[in-house]
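Novice: The following file, entry35.pdb, comprises PDB, C-alpha atoms and all ligand atoms:
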```
ATOM      1  CA  MET A  19      26.289  12.296  -7.998
ATOM      2  CA  HIS A  20      27.842  12.081 -11.453
ATOM      3  CA  SER A  21      29.078  15.320 -12.878
ATOM      4  CA  ILE A  22      29.096  15.767 -16.670
ATOM      5  CA  SER A  23      29.432  18.764 -18.929
ATOM      6  CA  VAL A  24      26.255  20.041 -20.588
ATOM      7  CA  LYS A  25      27.960  19.582 -23.974
ATOM      8  CA  GLU A  26      28.626  15.907 -23.215
ATOM      9  CA  PHE A  27      25.037  15.469 -22.043
ATOM     10  CA  LEU A  28      23.562  17.056 -25.194
ATOM     11  CA  LEU A  29      25.663  14.823 -27.394
ATOM     12  CA  TRP A  30      24.604  11.763 -25.369
ATOM     13  CA  LYS A  31      20.927  12.753 -25.659
ATOM     14  CA  LYS A  32      21.206  13.171 -29.444
ATOM     15  CA  ASN A  33      22.937   9.805 -29.686
ATOM     16  CA  GLN A  34      20.211   8.038 -27.645
ATOM     17  CA  LEU A  35      17.385   9.535 -29.708
ATOM     18  CA  SER A  36      19.112   8.483 -32.929
ATOM     19  CA  LYS A  37      18.609   4.864 -31.780
ATOM     20  CA  GLY A  38      14.811   5.350 -31.575
ATOM     21  CA  GLY A  39      12.188   6.211 -29.007
ATOM     22  CA  ASP A  40      10.758   9.609 -28.195
ATOM     23  CA  LEU A  41      12.064  12.606 -26.306
ATOM     24  CA  GLN A  42       9.280  12.398 -23.702
ATOM     25  CA  SER A  43      10.312   8.857 -22.686
ATOM     26  CA  LEU A  44      13.998   9.790 -22.604
ATOM     27  CA  TYR A  45      13.236  12.781 -20.371
ATOM     28  CA  PHE A  46      11.091  10.495 -18.172
ATOM     29  CA  LEU A  47      14.129   8.242 -17.703
ATOM     30  CA  ILE A  48      16.466  11.156 -16.966
ATOM     31  CA  ASP A  49      13.976  12.555 -14.462
ATOM     32  CA  CYS A  50      13.145   9.282 -12.645
ATOM     33  CA  LEU A  51      16.611   7.736 -12.535
ATOM     34  CA  GLY A  52      18.928  10.656 -13.287
ATOM     35  CA  GLY A  53      17.139  13.100 -10.984
ATOM     36  CA  ILE A  54      16.910  16.029 -13.441
ATOM     37  CA  LYS A  55      13.479  17.355 -14.435
ATOM     38  CA  ALA A  56      12.621  17.848 -18.116
ATOM     39  CA  THR A  57      12.004  21.565 -17.493
ATOM     40  CA  ASN A  58      15.659  21.910 -16.458
ATOM     41  CA  LEU A  59      16.797  20.287 -19.685
ATOM     42  CA  ASN A  60      15.245  22.817 -22.080
ATOM     43  CA  PHE A  61      17.782  24.120 -24.528
ATOM     44  CA  SER A  62      17.241  27.684 -23.268
ATOM     45  CA  SER A  63      17.449  26.838 -19.535
ATOM     46  CA  LEU A  64      20.790  25.056 -19.914
ATOM     47  CA  ASN A  65      24.078  26.847 -19.452
ATOM     48  CA  HIS A  66      25.939  25.277 -22.350
ATOM     49  CA  ASP A  67      29.341  25.799 -20.715
ATOM     50  CA  GLY A  68      28.140  24.462 -17.370
ATOM     51  CA  LYS A  69      27.787  21.086 -15.719
ATOM     52  CA  LEU A  70      24.927  18.716 -14.877
ATOM     53  CA  TYR A  71      24.734  16.420 -11.869
ATOM     54  CA  LEU A  72      23.064  13.050 -12.389
ATOM     55  CA  LYS A  73      22.156  10.434  -9.767
ATOM     56  CA  LYS A  74      23.216   7.659 -12.170
ATOM     57  CA  ASN A  75      25.953   7.702 -14.755
ATOM     58  CA  LEU A  76      25.234   7.962 -18.488
ATOM     59  CA  ASP A  77      26.249   4.339 -19.164
ATOM     60  CA  PHE A  78      23.627   3.101 -16.731
ATOM     61  CA  LEU A  79      20.921   5.356 -18.198
ATOM     62  CA  GLU A  80      21.922   4.216 -21.676
ATOM     63  CA  SER A  81      21.556   0.537 -20.711
ATOM     64  CA  ILE A  82      17.991   1.186 -19.493
ATOM     65  CA  TRP A  83      17.186   3.185 -22.626
ATOM     66  CA  GLU A  84      18.407   0.344 -24.838
ATOM     67  CA  GLU A  85      16.351  -2.198 -22.917
ATOM     68  CA  HIS A  86      13.308   0.006 -23.504
ATOM     69  CA  LEU A  87      14.053   0.164 -27.239
ATOM     70  CA  ILE A  88      15.074  -3.446 -27.815
ATOM     71  CA  GLU A  89      12.658  -5.329 -25.548
ATOM     72  CA  PHE A  90       9.771  -2.803 -25.826
ATOM     73  CA  THR A  91       9.644  -2.673 -22.004
ATOM     74  CA  PRO A  92       7.600   0.366 -20.953
ATOM     75  CA  ILE A  93       9.896   3.030 -19.562
ATOM     76  CA  GLN A  94       7.656   3.310 -16.465
ATOM     77  CA  TYR A  95       8.311  -0.323 -15.490
ATOM     78  CA  LEU A  96      12.049   0.104 -16.040
ATOM     79  CA  CYS A  97      12.107   3.222 -13.877
ATOM     80  CA  GLY A  98       9.584   1.870 -11.368
ATOM     81  CA  PHE A  99       7.409   5.006 -11.484
ATOM     82  CA  ALA A 100       4.526   6.593 -13.363
ATOM     83  CA  PHE A 101       3.370  10.207 -13.217
ATOM     84  CA  TRP A 102      -0.389  10.522 -12.846
ATOM     85  CA  ARG A 103      -2.127  13.822 -12.063
ATOM     86  CA  ASP A 104       0.226  15.323  -9.463
ATOM     87  CA  LEU A 105       1.344  11.926  -8.129
ATOM     88  CA  LYS A 106       4.555  10.024  -8.737
ATOM     89  CA  LEU A 107       3.319   6.465  -8.264
ATOM     90  CA  THR A 108       5.387   3.340  -7.828
ATOM     91  CA  VAL A 109       4.582   0.806 -10.538
ATOM     92  CA  THR A 110       5.732  -2.744 -11.228
ATOM     93  CA  ASP A 111       4.555  -5.209 -13.843
ATOM     94  CA  LYS A 112       1.890  -6.331 -11.339
ATOM     95  CA  VAL A 113      -0.107  -3.169 -12.045
ATOM     96  CA  LEU A 114      -1.389  -1.402 -15.124
ATOM     97  CA  ILE A 115       0.496   1.818 -15.860
ATOM     98  CA  PRO A 116      -2.186   4.381 -15.004
ATOM     99  CA  ARG A 117      -3.256   6.181 -18.186
ATOM    100  CA  SER A 118      -3.637   9.925 -18.588
ATOM    101  CA  GLU A 119      -7.239   9.582 -19.853
ATOM    102  CA  THR A 120      -8.188   7.949 -16.526
ATOM    103  CA  GLU A 121      -7.187  11.168 -14.719
ATOM    104  CA  ILE A 122     -10.556  12.619 -15.801
ATOM    105  CA  ILE A 123     -12.415  10.234 -13.461
ATOM    106  CA  VAL A 124     -11.248  12.377 -10.552
ATOM    107  CA  ASP A 125     -12.618  15.494 -12.247
ATOM    108  CA  ILE A 126     -15.949  13.740 -12.897
ATOM    109  CA  VAL A 127     -16.174  12.894  -9.187
ATOM    110  CA  PHE A 128     -15.533  16.494  -8.161
ATOM    111  CA  LYS A 129     -18.157  17.736 -10.605
ATOM    112  CA  LEU A 130     -20.749  15.339  -9.158
ATOM    113  CA  PHE A 131     -19.828  15.979  -5.521
ATOM    114  CA  GLU A 132     -18.863  19.557  -4.933
ATOM    115  CA  LYS A 133     -18.889  19.335  -1.150
ATOM    116  CA  LYS A 134     -15.686  17.569  -0.200
ATOM    117  CA  SER A 135     -16.260  18.479   3.433
ATOM    118  CA  LYS A 136     -18.983  15.972   4.246
ATOM    119  CA  GLN A 137     -18.583  12.334   5.220
ATOM    120  CA  PHE A 138     -18.818  10.047   2.297
ATOM    121  CA  LEU A 139     -18.053   6.425   1.384
ATOM    122  CA  PHE A 140     -16.486   5.608  -1.959
ATOM    123  CA  ALA A 141     -15.455   2.258  -3.405
ATOM    124  CA  GLU A 142     -12.993   1.494  -6.151
ATOM    125  CA  LEU A 143     -13.222  -1.892  -7.835
ATOM    126  CA  GLY A 144      -9.889  -2.894  -9.398
ATOM    127  CA  THR A 145      -7.548  -0.244  -8.004
ATOM    128  CA  GLY A 146      -4.254  -1.413  -9.577
ATOM    129  CA  SER A 147      -1.574   1.103  -8.555
ATOM    130  CA  GLY A 148      -4.206   2.887  -6.423
ATOM    131  CA  ALA A 149      -4.102   6.025  -8.580
ATOM    132  CA  ILE A 150      -7.807   6.981  -8.535
ATOM    133  CA  SER A 151      -8.492   6.148  -4.893
ATOM    134  CA  ILE A 152      -5.326   7.810  -3.650
ATOM    135  CA  ALA A 153      -6.086  11.024  -5.562
ATOM    136  CA  LEU A 154      -9.587  11.092  -4.024
ATOM    137  CA  ALA A 155      -8.443  10.198  -0.508
ATOM    138  CA  LEU A 156      -5.760  12.909  -0.574
ATOM    139  CA  ALA A 157      -8.116  15.594  -1.891
ATOM    140  CA  CYS A 158     -10.950  14.651   0.494
ATOM    141  CA  PRO A 159      -9.592  13.703   3.931
ATOM    142  CA  LEU A 160     -13.121  13.392   5.345
ATOM    143  CA  TRP A 161     -14.116  10.821   2.780
ATOM    144  CA  VAL A 162     -13.550   7.129   3.438
ATOM    145  CA  GLY A 163     -12.519   4.969   0.519
ATOM    146  CA  ILE A 164     -12.214   1.242   0.028
ATOM    147  CA  ALA A 165      -9.916   0.192  -2.790
ATOM    148  CA  THR A 166     -10.032  -3.422  -3.928
ATOM    149  CA  ASP A 167      -8.324  -5.688  -6.402
ATOM    150  CA  ILE A 168      -8.321  -9.385  -7.212
ATOM    151  CA  ASP A 169      -4.514  -9.385  -7.208
ATOM    152  CA  PRO A 170      -2.876  -9.147  -3.761
ATOM    153  CA  ASP A 171       0.415  -8.037  -5.366
ATOM    154  CA  ALA A 172      -1.332  -5.080  -6.986
ATOM    155  CA  LEU A 173      -2.895  -4.164  -3.638
ATOM    156  CA  LYS A 174       0.556  -4.141  -2.003
ATOM    157  CA  ILE A 175       1.695  -1.564  -4.561
ATOM    158  CA  ALA A 176      -1.471   0.501  -4.049
ATOM    159  CA  TYR A 177      -0.990   0.441  -0.258
ATOM    160  CA  LYS A 178       2.676   1.428  -0.605
ATOM    161  CA  ASN A 179       1.677   4.339  -2.846
ATOM    162  CA  TYR A 180      -0.987   5.524  -0.394
ATOM    163  CA  LYS A 181       1.436   5.422   2.534
ATOM    164  CA  LYS A 182       3.972   7.395   0.516
ATOM    165  CA  PHE A 183       1.546  10.320   0.283
ATOM    166  CA  SER A 184      -0.656  10.127   3.362
ATOM    167  CA  ASN A 185      -0.415   9.710   7.126
ATOM    168  CA  LEU A 186      -4.182   9.343   7.337
ATOM    169  CA  SER A 187      -6.154   6.131   7.247
ATOM    170  CA  ASN A 188      -9.117   7.227   5.124
ATOM    171  CA  LEU A 189      -8.304   4.678   2.439
ATOM    172  CA  ARG A 190      -8.605   0.954   3.129
ATOM    173  CA  PHE A 191      -7.573  -1.920   0.928
ATOM    174  CA  SER A 192      -9.283  -5.222   0.432
ATOM    175  CA  CYS A 193      -8.642  -8.178  -1.861
ATOM    176  CA  GLY A 194     -11.401  -9.958  -3.779
ATOM    177  CA  HIS A 195     -13.549 -10.391  -6.856
ATOM    178  CA  TRP A 196     -15.414  -7.171  -7.791
ATOM    179  CA  TRP A 197     -18.159  -6.572  -5.171
ATOM    180  CA  GLU A 198     -17.183  -9.517  -2.963
ATOM    181  CA  PRO A 199     -15.061  -7.431  -0.510
ATOM    182  CA  PHE A 200     -18.081  -5.143   0.077
ATOM    183  CA  GLN A 201     -20.382  -7.678   1.783
ATOM    184  CA  SER A 202     -20.693  -5.518   4.895
ATOM    185  CA  TYR A 203     -21.352  -2.327   2.911
ATOM    186  CA  LYS A 204     -24.586  -3.332   1.182
ATOM    187  CA  GLY A 205     -26.710  -0.246   0.501
ATOM    188  CA  LYS A 206     -24.099   2.073   2.034
ATOM    189  CA  ILE A 207     -21.790   3.144  -0.794
ATOM    190  CA  ASP A 208     -22.191   6.734  -2.029
ATOM    191  CA  LEU A 209     -19.986   6.309  -5.062
ATOM    192  CA  ALA A 210     -18.429   3.318  -6.818
ATOM    193  CA  ILE A 211     -15.748   3.705  -9.452
ATOM    194  CA  SER A 212     -14.174   1.145 -11.710
ATOM    195  CA  ASN A 213     -11.772   1.150 -14.614
ATOM    196  CA  PRO A 214     -12.161  -2.586 -15.192
ATOM    197  CA  PRO A 215     -10.473  -4.740 -17.849
ATOM    198  CA  TYR A 216     -12.524  -3.936 -20.967
ATOM    199  CA  ILE A 217     -10.444  -4.882 -24.013
ATOM    200  CA  PRO A 218     -12.297  -7.368 -26.292
ATOM    201  CA  LYS A 219     -10.408 -10.637 -26.914
ATOM    202  CA  ASN A 220      -9.659  -9.946 -30.616
ATOM    203  CA  THR A 221      -8.318  -6.485 -29.846
ATOM    204  CA  TYR A 222      -6.261  -7.836 -26.943
ATOM    205  CA  GLU A 223      -4.468 -10.262 -29.270
ATOM    206  CA  LYS A 224      -3.423  -7.350 -31.496
ATOM    207  CA  LEU A 225      -2.261  -4.957 -28.764
ATOM    208  CA  PRO A 226       1.201  -3.415 -29.233
ATOM    209  CA  LYS A 227       4.066  -5.477 -27.773
ATOM    210  CA  GLU A 228       4.840  -2.900 -25.077
ATOM    211  CA  VAL A 229       1.334  -3.412 -23.684
ATOM    212  CA  LYS A 230       0.626  -7.105 -24.374
ATOM    213  CA  ASN A 231       4.023  -8.455 -23.312
ATOM    214  CA  PHE A 232       4.341  -6.415 -20.129
ATOM    215  CA  GLU A 233       1.091  -5.151 -18.628
ATOM    216  CA  PRO A 234      -0.996  -7.659 -16.649
ATOM    217  CA  LYS A 235      -3.474  -9.538 -18.825
ATOM    218  CA  ILE A 236      -5.902  -9.572 -15.892
ATOM    219  CA  ALA A 237      -5.942  -5.764 -15.983
ATOM    220  CA  LEU A 238      -6.788  -5.573 -19.686
ATOM    221  CA  LEU A 239      -8.822  -8.478 -21.029
ATOM    222  CA  GLY A 240     -12.573  -8.050 -20.761
ATOM    223  CA  GLY A 241     -13.673 -11.374 -22.268
ATOM    224  CA  GLU A 242     -14.984 -12.019 -25.783
ATOM    225  CA  ASP A 243     -16.756  -8.648 -26.255
ATOM    226  CA  GLY A 244     -14.874  -6.680 -23.590
ATOM    227  CA  LEU A 245     -17.993  -6.255 -21.453
ATOM    228  CA  LYS A 246     -17.751  -9.370 -19.279
ATOM    229  CA  HIS A 247     -16.614  -7.534 -16.130
ATOM    230  CA  ILE A 248     -18.608  -4.373 -16.773
ATOM    231  CA  ARG A 249     -21.824  -6.448 -17.012
ATOM    232  CA  GLU A 250     -21.113  -8.111 -13.667
ATOM    233  CA  ILE A 251     -20.217  -4.835 -11.957
ATOM    234  CA  ILE A 252     -23.396  -3.127 -13.197
ATOM    235  CA  GLN A 253     -25.714  -6.044 -12.381
ATOM    236  CA  LYS A 254     -24.553  -6.254  -8.768
ATOM    237  CA  ALA A 255     -24.124  -2.515  -8.158
ATOM    238  CA  PRO A 256     -27.738  -1.914  -6.966
ATOM    239  CA  LEU A 257     -27.098  -4.216  -3.984
ATOM    240  CA  TYR A 258     -24.200  -2.119  -2.724
ATOM    241  CA  LEU A 259     -24.988   1.459  -3.689
ATOM    242  CA  ARG A 260     -26.941   3.714  -1.383
ATOM    243  CA  GLU A 261     -30.165   5.103  -2.863
ATOM    244  CA  LYS A 262     -29.089   7.718  -5.414
ATOM    245  CA  GLY A 263     -25.500   6.472  -5.204
ATOM    246  CA  TRP A 264     -23.372   6.924  -8.328
ATOM    247  CA  LEU A 265     -21.467   4.433 -10.455
ATOM    248  CA  ILE A 266     -18.638   5.683 -12.692
ATOM    249  CA  LEU A 267     -17.125   3.301 -15.226
ATOM    250  CA  GLU A 268     -14.273   3.721 -17.653
ATOM    251  CA  ASN A 269     -14.798   1.869 -20.931
ATOM    252  CA  HIS A 270     -13.294   1.178 -24.355
ATOM    253  CA  PHE A 271     -13.784   3.861 -27.017
ATOM    254  CA  ASP A 272     -16.905   2.266 -28.545
ATOM    255  CA  GLN A 273     -18.649   0.711 -25.527
ATOM    256  CA  GLY A 274     -20.446   3.775 -24.130
ATOM    257  CA  GLY A 275     -23.771   3.143 -25.919
ATOM    258  CA  LYS A 276     -24.015  -0.495 -24.793
ATOM    259  CA  ILE A 277     -23.061   0.361 -21.216
ATOM    260  CA  LYS A 278     -25.640   3.141 -21.140
ATOM    261  CA  GLN A 279     -28.310   0.588 -22.081
ATOM    262  CA  LEU A 280     -27.024  -1.865 -19.448
ATOM    263  CA  LEU A 281     -27.230   0.814 -16.760
ATOM    264  CA  ILE A 282     -30.774   1.795 -17.743
ATOM    265  CA  LYS A 283     -31.841  -1.881 -17.841
ATOM    266  CA  ASN A 284     -30.516  -2.309 -14.298
ATOM    267  CA  GLY A 285     -32.494   0.600 -12.859
ATOM    268  CA  PHE A 286     -29.979   3.458 -13.152
ATOM    269  CA  THR A 287     -31.077   7.015 -13.898
ATOM    270  CA  SER A 288     -29.179  10.174 -14.962
ATOM    271  CA  VAL A 289     -27.145   7.922 -17.252
ATOM    272  CA  GLU A 290     -24.572   9.808 -19.273
ATOM    273  CA  ILE A 291     -21.569   9.134 -21.484
ATOM    274  CA  VAL A 292     -18.679  11.447 -20.620
ATOM    275  CA  LYS A 293     -15.990  12.224 -23.195
ATOM    276  CA  ASP A 294     -12.247  12.209 -22.578
ATOM    277  CA  LEU A 295      -9.965  14.995 -23.819
ATOM    278  CA  SER A 296      -9.820  13.412 -27.294
ATOM    279  CA  GLY A 297     -13.615  13.542 -27.591
ATOM    280  CA  ILE A 298     -14.028   9.777 -27.043
ATOM    281  CA  GLY A 299     -16.969   8.564 -24.914
ATOM    282  CA  ARG A 300     -14.568   7.046 -22.391
ATOM    283  CA  PHE A 301     -16.734   7.031 -19.243
ATOM    284  CA  THR A 302     -20.308   6.010 -18.520
ATOM    285  CA  ILE A 303     -21.957   7.203 -15.347
ATOM    286  CA  GLY A 304     -25.298   6.634 -13.701
ATOM    287  CA  ARG A 305     -27.189   6.977 -10.470
ATOM    288  CA  TYR A 306     -29.044   4.148  -8.821
ATOM    289  CA  LYS A 307     -32.646   5.434  -8.753
TER     290      LYS A 307
HETATM  291  C1  LIG B 401      -7.657  -1.564 -16.125
HETATM  292  S1  LIG B 401      -6.921  -1.980 -14.572
HETATM  293  C2  LIG B 401      -7.237  -0.474 -13.696
HETATM  294  C3  LIG B 401      -6.234  -0.159 -12.636
HETATM  295  C4  LIG B 401      -6.379   1.229 -12.018
HETATM  296  N1  LIG B 401      -7.675   1.410 -11.397
HETATM  297  C5  LIG B 401      -6.182   2.297 -13.074
HETATM  298  O1  LIG B 401      -7.163   2.946 -13.467
HETATM  299  O2  LIG B 401      -5.035   2.485 -13.504
HETATM  300  C6  LIG B 401      -8.088  -3.138 -13.895
HETATM  301  C7  LIG B 401      -7.773  -3.635 -12.514
HETATM  302  O3  LIG B 401      -8.820  -4.560 -12.151
HETATM  303  C8  LIG B 401      -8.247  -5.668 -11.470
HETATM  304  N2  LIG B 401      -9.141  -6.819 -11.640
HETATM  305  C9  LIG B 401      -9.234  -7.685 -12.679
HETATM  306  N3  LIG B 401     -10.172  -8.620 -12.457
HETATM  307  C10 LIG B 401     -10.707  -8.344 -11.241
HETATM  308  C11 LIG B 401     -11.729  -8.955 -10.467
HETATM  309  N4  LIG B 401     -12.390 -10.039 -10.898
HETATM  310  N5  LIG B 401     -12.022  -8.414  -9.274
HETATM  311  C12 LIG B 401     -11.363  -7.316  -8.812
HETATM  312  N6  LIG B 401     -10.380  -6.692  -9.504
HETATM  313  C13 LIG B 401     -10.046  -7.199 -10.715
HETATM  314  C14 LIG B 401      -6.890  -5.863 -12.117
HETATM  315  O4  LIG B 401      -6.017  -6.586 -11.280
HETATM  316  C15 LIG B 401      -6.467  -4.408 -12.382
HETATM  317  O5  LIG B 401      -5.710  -3.896 -11.317
END
```
Just dump the structure as structure tokens.
Ligand SMILES: C[S@@+](CC[C@H](N)C(=O)[O-])C[C@H]1O[C@@H](n2cnc3c(N)ncnc32)[C@H](O)[C@@H]1O

Specialist:
Amino acid sequence: MHSISVKEFLLWKKNQLSKGGDLQSLYFLIDCLGGIKATNLNFSSLNHDGKLYLKKNLDFLESIWEEHLIEFTPIQYLCGFAFWRDLKLTVTDKVLIPRSETEIIVDIVFKLFEKKSKQFLFAELGTGSGAISIALALACPLWVGIATDIDPDALKIAYKNYKKFSNLSNLRFSCGHWWEPFQSYKGKIDLAISNPPYIPKNTYEKLPKEVKNFEPKIALLGGEDGLKHIREIIQKAPLYLREKGWLILENHFDQGGKIKQLLIKNGFTSVEIVKDLSGIGRFTIGRYK
């Protein structure tokens, strides 16, 4: 542990923020690598004549902060963690940093399926860090989930994250292209979820550096119009879903209407666009007949 006076720390913090960046990211760094939670750094909760104990010294934290500012490296990749719902997930540049808007998928699931106590099979296509599947598997120990990804390195991270939080084995992992790992589950899946790559090519080219230069292209790019993967997932879903099984998709801010039509065209009912907390139609859901 590195002991420093609160006065020295406050001066250091002011100095770091004068170089750029935002307080939230700096606190993220101090929490993940320094070991002090943001709530303990509030001006009012600090004893200004006291001391703070950090896991890493200020020079080390400063070097990470500067890398974040100069190279545009996301602070989550530099720290190796992302906070998502109540989970502290390991992340590397092999996985998308799970976004806060995606947290709502878990709430949508619990609205659709109130009874967490019955047996149930869910599938996640493109699990990345494992965030969605792990949250569901932890909240519903009787449910069985299968989380897949095309990238074996991403699956290793997802598996590591699951094992960090659970001693159970109600979440399995399988590598492959969209529905391909589900060959033996045809007609058996109660719920399929996917936050697939949905960024249209033109938009992808103009993404901010911190996204485009660091997050996996395979997790973001959805072909020319952004709907390449979503089309494939919807078209094949009827083969794998149980009768009245649900499909939940995350989509780009303006894709809801088109996805709704695609779902209807492929035999889905109860099709609905669900808004995120900013009022954007971020999710499209439907039930197979
Ligand atoms: C937008 S990320 C979502 C990650 C995670 N579910 C989340 O919400 O944070 C899309 C994920 O789909 C995976 N993926 C891309 N193409 C795929 C394919 N053809 N088959 C299966 N997974 C794929 C990527 O590797 C990536 O992990």

Novice: In terms of the shortest atom-to-atom distance over all atoms listed in the file, which of A:Asp167, A:Glu84, A:Phe99, A:Ala155 is closest to Ser187 in chain A?

Specialist: A:Ala155

Novice: With the PyMOL selection byres (((chain A and resi 61-67) around 7) and not hetatm) as the selection, what would be picked from this file? Answer as a list in words, please.

Specialist: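 After applying the PyMOL selection byres (((chain A and resi 61-67) around 7) and not hetatm), what remains is Val24, Lys25, Asn58, Leu59, Asn60 and Gly68 of chain A.
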
Novice: Starting from the shown file, work through the PyMOL selection byres (((not hetatm)) within 8 of (chain B and resi 401)) and note down what comes out as an MDAnalysis selection string.

Specialist: chainID A and resid 112:117 120 142:150 166:169 172 193:197 212:216 234 236:238 247

Novice: Let's have the selection written as a compact mmCIF listing (two decimals), keeping the file's coordinate frame, with C-alpha atoms.

Specialist:
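The resulting selection.txt:
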```txt
# COMPACT_ATOMS: atom_id res chain seq x y z
CA LYS A 112 1.89 -6.33 -11.34
CA VAL A 113 -0.11 -3.17 -12.04
CA LEU A 114 -1.39 -1.40 -15.12
CA ILE A 115 0.50 1.82 -15.86
CA PRO A 116 -2.19 4.38 -15.00
CA ARG A 117 -3.26 6.18 -18.19
CA THR A 120 -8.19 7.95 -16.53
CA GLU A 142 -12.99 1.49 -6.15
CA LEU A 143 -13.22 -1.89 -7.84
CA GLY A 144 -9.89 -2.89 -9.40
CA THR A 145 -7.55 -0.24 -8.00
CA GLY A 146 -4.25 -1.41 -9.58
CA SER A 147 -1.57 1.10 -8.56
CA GLY A 148 -4.21 2.89 -6.42
CA ALA A 149 -4.10 6.02 -8.58
CA ILE A 150 -7.81 6.98 -8.54
CA THR A 166 -10.03 -3.42 -3.93
CA ASP A 167 -8.32 -5.69 -6.40
CA ILE A 168 -8.32 -9.38 -7.21
CA ASP A 169 -4.51 -9.38 -7.21
CA ALA A 172 -1.33 -5.08 -6.99
CA CYS A 193 -8.64 -8.18 -1.86
CA GLY A 194 -11.40 -9.96 -3.78
CA HIS A 195 -13.55 -10.39 -6.86
CA TRP A 196 -15.41 -7.17 -7.79
CA TRP A 197 -18.16 -6.57 -5.17
CA SER A 212 -14.17 1.14 -11.71
CA ASN A 213 -11.77 1.15 -14.61
CA PRO A 214 -12.16 -2.59 -15.19
CA PRO A 215 -10.47 -4.74 -17.85
CA TYR A 216 -12.52 -3.94 -20.97
CA PRO A 234 -1.00 -7.66 -16.65
CA ILE A 236 -5.90 -9.57 -15.89
CA ALA A 237 -5.94 -5.76 -15.98
CA LEU A 238 -6.79 -5.57 -19.69
CA HIS A 247 -16.61 -7.53 -16.13
```

Novice: So which one's closest to Cys50 in chain A, A:Phe27, A:Tyr71, A:Phe128, A:Phe101? Using only C-alpha atoms, please.

Specialist: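 Distance minimum relative to Cys50 in chain A lands on A:Phe101.
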
Novice: Quick one: residues within 9 Å of His86 in chain A, all atoms listed in the file, excluding same-chain residues fewer than 6 positions away - as a PyMOL selection string?

Specialist: chain A and resi 39+92-93+96

Novice: To one decimal place in Å, what is the distance between CA of Leu295 in chain A and CA of Glu119 in chain A?

Specialist: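 Value for the CA of Leu295 in chain A-CA of Glu119 in chain A distance: 7.2 Å.
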
Novice: Counting all atoms listed in the file, figure out which residue out of A:Val229, A:Leu107, A:Ile82, A:Tyr203 gets nearest to Tyr180 in chain A.

Specialist: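 Residue with the minimum atom-to-atom distance to Tyr180 in chain A: A:Leu107.
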
Novice: Write out as a CSV table (one decimal) with C-alpha atoms, in the frame of the given file the residues lying within 10 Å of Ala153 in chain A, counting all atoms listed in the file and excluding same-chain residues fewer than 6 positions away.

Specialist:
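To be explicit, this is the file written out as selection.csv:
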```
chain,number,residue,atom,x,y,z
A,102,TRP,CA,-0.4,10.5,-12.8
A,103,ARG,CA,-2.1,13.8,-12.1
A,104,ASP,CA,0.2,15.3,-9.5
A,105,LEU,CA,1.3,11.9,-8.1
A,121,GLU,CA,-7.2,11.2,-14.7
A,124,VAL,CA,-11.2,12.4,-10.6
A,180,TYR,CA,-1.0,5.5,-0.4
A,183,PHE,CA,1.5,10.3,0.3
```

Novice: Translate the PyMOL selection byres (((chain A and resi 258-275) around 7) and not hetatm) into a concrete residue list for this structure, as a PyMOL selection string.

Specialist: chain A and resi 203-213+216-217+255-257+276-279+291+298-307

Novice: At what distance in Å, to one decimal, does CA of Phe138 in chain A lie from CA of Trp161 in chain A?

Specialist: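 Pair CA of Trp161 in chain A / CA of Phe138 in chain A returns 4.8 Å.
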
Novice: Find the distance between CA of Ala176 in chain A and CA of Leu156 in chain A and write it in Å to one decimal.

Specialist: 13.6 Å

Novice: To box range 140-151 of chain A, take all atoms listed in the file, fit an axis-aligned box, add 5 Å on each side, and give centre and edge lengths in Å to one decimal, as AutoDock Vina command-line options.

Specialist:
```
--center_x -9.0 --center_y 2.0 --center_z -5.8 --size_x 24.9 --size_y 19.9 --size_z 17.6
```

Novice: Give the answer as one residue: which of A:Cys158, A:Ile282, A:Ile48, A:Leu173 has the shortest atom-to-atom distance to Trp83 in chain A, using all atoms listed in the file?

Specialist: A:Ile48

Novice: When distances are computed from only C-alpha atoms, which of A:Gln34, A:Ser118, A:Gln94, A:Gln42 shows the smallest separation from Glu80 in chain A?

Specialist: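 Checking each candidate against Glu80 in chain A, we get A:Gln34 as the closest.
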
Novice: Excluding Lys74 in chain A and residues on its chain fewer than 6 positions from it, collect all residues at most 10 Å away from it, counting all atoms listed in the file, and give them as a ChimeraX atom specification.

Specialist: /A:19-21,48,51-53

Novice: Nearest residue to Leu76 in chain A out of A:Thr57, A:Ser23, A:Ser43, A:Thr91, using only C-alpha atoms?

Specialist: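 So, comparing all the options, the nearest one is A:Ser23.
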